[in-house]
Structure formats: structure tokens, C-alpha cells
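Some notes on the structure that comes next.
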Amino acid sequence: MMCLCLDLCVDRGFFALMQHVLLKSKIHRACVTVADVDYEGSIEIPSDLMEAAGIWEGERVLVTSASKGGRLETYAQAGEPGTGKIIMNGGAAHIIKAGERITIMAFAISENPVLPKKIVCNELNEVIRRVN
């Protein structure tokens with residue numbers, strides 16, 4: 001039987017812990033270098049940026065455009081490190097285009113606070129600041 005109320009859980013000897021969806025990774029102010037509608041899907045991010053922000057290959061990410069307000073969810077694909085190439089692929093390339101400044105975020109589900117790894121990029125997608 002599923003507990004619907006903390007009082008019921010305590011009365012029955014259960015203790016329900018609340019799960020929170022929290023920011024765990026953020027690449028801020030990155031610039032989309034290529035938008036390829038003919039590719040299957042995803043966002044390609046240089047692996048060095050993914051590592052700096054704690055984003056895993058295949059992880060679901062929320063991408064928001066500071067330039068035009070578009071937002072979408074896709075998965076992260078590792079690109080060549082050090083290239084600065086951030087590529088929007090597939091249908092996402094219709095929403096967020098080359099030249100737009102974006103934020104890429106990944107989230108975790110946890111019972112406890114999470115200290116997110118955040119990086120800020122310049123227009124060449126070089127890390128100019130770490131916010132941890």
C-alpha cells in the first residue's frame with residue numbers, strides 16, 4: 001500500500017523521504033556553432049566542457065536560448081575536446097540556431113541538496129569562469 005501522507009507513514013512505521021529535482025550541471029552563455037537539421041538528434045558538446053560541468057554522454061539536458069527564448073530537452077553527445085563546437089542536431093536545430101547564446105543544464109533527483117558544477121563560456125566556448 002502506498003503512503004500518501006507523512007502522518008500515515010509515521011503511524012505505520014514507514015518514513016517517506018521527499019525526492020527533489022535539482023540542478024547538477026550548467027554550461028552558461030555557450031554559443032551554438034552549427035545547427036544541422038539533417039542529423040538524427042541531440043546536442044553535441046565538446047567533451048572537455050561536458051567534463052568541466054559534470055554532464056555525461058547520453059544524459060538528458062535542458063537547453064535554453066538567451067538570444068531568442070527557445071527551450072528544449074535532448075540528450076548530450078560528446079564532441080571533440082578543445083574545438084569549441086556546440087552543434088544542435090535534428091529538429092532541435094529548427095528551435096535553436098547557430099549563433100544563439102545558450103544555457104545547457106542537467107538535473108539530479110536527490111533527497112539531499114546537490115552542489116551543482118557550473119561553468120561560464122565566452123563566445124568561443126572557452127571556459128572563462130567556474131561557479132562551484
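Every chain in the C-alpha cells takes a letter, A first, then B, and so on in the order presented; its residues are numbered from 1, and the ligands are numbered from 1 following the presented order.
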Quick one: everything within 7 Å of range 103-113 of chain A, counting only C-alpha atoms, minus sequence neighbours fewer than 4 positions away in the same chain. Send it as a PyMOL selection string.
chain A and resi 17-30+55+60-65
Would you write out those residues with C-alpha atoms, as an mmCIF file, in the first residue's frame?
```
data_model
loop_
_atom_site.group_PDB
_atom_site.id
_atom_site.type_symbol
_atom_site.label_atom_id
_atom_site.label_comp_id
_atom_site.auth_asym_id
_atom_site.auth_seq_id
_atom_site.Cartn_x
_atom_site.Cartn_y
_atom_site.Cartn_z
ATOM 1 C CA LEU A 17 11.733 10.778 2.059
ATOM 2 C CA MET A 18 10.949 13.524 -0.399
ATOM 3 C CA GLN A 19 12.820 13.422 -3.690
ATOM 4 C CA HIS A 20 13.777 16.766 -5.283
ATOM 5 C CA VAL A 21 14.802 17.512 -8.856
ATOM 6 C CA LEU A 22 17.863 19.759 -8.532
ATOM 7 C CA LEU A 23 20.308 21.435 -10.900
ATOM 8 C CA LYS A 24 23.548 19.407 -11.010
ATOM 9 C CA SER A 25 25.317 20.783 -14.112
ATOM 10 C CA LYS A 26 25.241 24.042 -16.051
ATOM 11 C CA ILE A 27 27.091 25.385 -19.091
ATOM 12 C CA HIS A 28 26.149 29.070 -19.241
ATOM 13 C CA ARG A 29 26.436 31.516 -22.185
ATOM 14 C CA ALA A 30 27.748 28.930 -24.662
ATOM 15 C CA ILE A 55 27.479 16.167 -17.886
ATOM 16 C CA ARG A 60 19.134 14.318 -20.747
ATOM 17 C CA VAL A 61 19.733 18.058 -20.872
ATOM 18 C CA LEU A 62 17.568 21.158 -20.964
ATOM 19 C CA VAL A 63 18.830 23.715 -23.482
ATOM 20 C CA THR A 64 17.587 27.313 -23.289
ATOM 21 C CA SER A 65 18.369 30.175 -25.653
#
```
Polymer residues at most 8 Å from range 40-42 of chain A, only C-alpha atoms, same-chain spacing of 3 or more positions, as a ChimeraX atom specification
/A:37,74-77,88-92
Residues within 7 Å of Ala78 in chain A, please, as a list in words. Count only C-alpha atoms; anything in the same chain fewer than 6 positions from it doesn't count.
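Within the cut-off, the hits are Glu44, Ile45, Pro46, Ser47 and Glu57 of chain A.
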Could you pull the residues within 10 Å of Cys31 in chain A, counting only C-alpha atoms, minus those fewer than 5 positions along the same chain, as a ChimeraX atom specification?
/A:65-67,84-87,97-103,121-126
As an exercise, work out the distance from CA of Gly58 in chain A to CA of Gly70 in chain A in Å and give it to one decimal place.
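Separating CA of Gly58 in chain A from CA of Gly70 in chain A is a distance of 21.4 Å.
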May I have all residues of chain A that DSSP, computed from the backbone, assigns to helix (DSSP H, G or I), given as a list in words?
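Written out, the helix (DSSP H, G or I) residues of chain A are Leu6, Asp7, Leu8, Cys9, Val10, Asp11, Ser47, Asp48, Leu49, Met50, Glu51, Ala52, Ala53, Ala92, Ala93, His94 and Ile95 of chain A.
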Please write the residues from the selection above to a file, keeping C-alpha atoms, as a compact mmCIF listing (two decimals), in the first residue's frame.
```txt
# COMPACT_ATOMS: atom_id res chain seq x y z
CA LEU A 6 3.61 11.66 6.20
CA ASP A 7 1.40 11.14 9.28
CA LEU A 8 0.17 7.81 7.91
CA CYS A 9 3.73 6.76 7.09
CA VAL A 10 4.94 7.55 10.61
CA ASP A 11 1.91 5.81 12.17
CA SER A 47 33.88 16.51 -24.11
CA ASP A 48 36.12 18.91 -22.16
CA LEU A 49 33.12 21.19 -21.48
CA MET A 50 30.97 18.19 -20.55
CA GLU A 51 33.60 17.03 -18.09
CA ALA A 52 34.01 20.51 -16.59
CA ALA A 53 30.25 20.73 -15.98
CA ALA A 92 16.19 20.97 -32.25
CA ALA A 93 18.10 22.89 -34.93
CA HIS A 94 14.77 24.46 -36.01
CA ILE A 95 14.27 25.85 -32.48
```
Please compute the CA of Lys68 in chain A-CA of Ile119 in chain A distance, one decimal, in Å.
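According to the coordinates, CA of Lys68 in chain A and CA of Ile119 in chain A are separated by 21.1 Å.
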DSSP on the backbone: which residues in range 74-129 of chain A end up as strand (DSSP E)? Give the answer as a VMD selection string.
chain A and resid 74 to 79 87 to 89 101 to 110 117 to 121 127 to 129
What is the CA of Leu115 in chain A to CA of Glu73 in chain A distance in Å?
21.9 Å
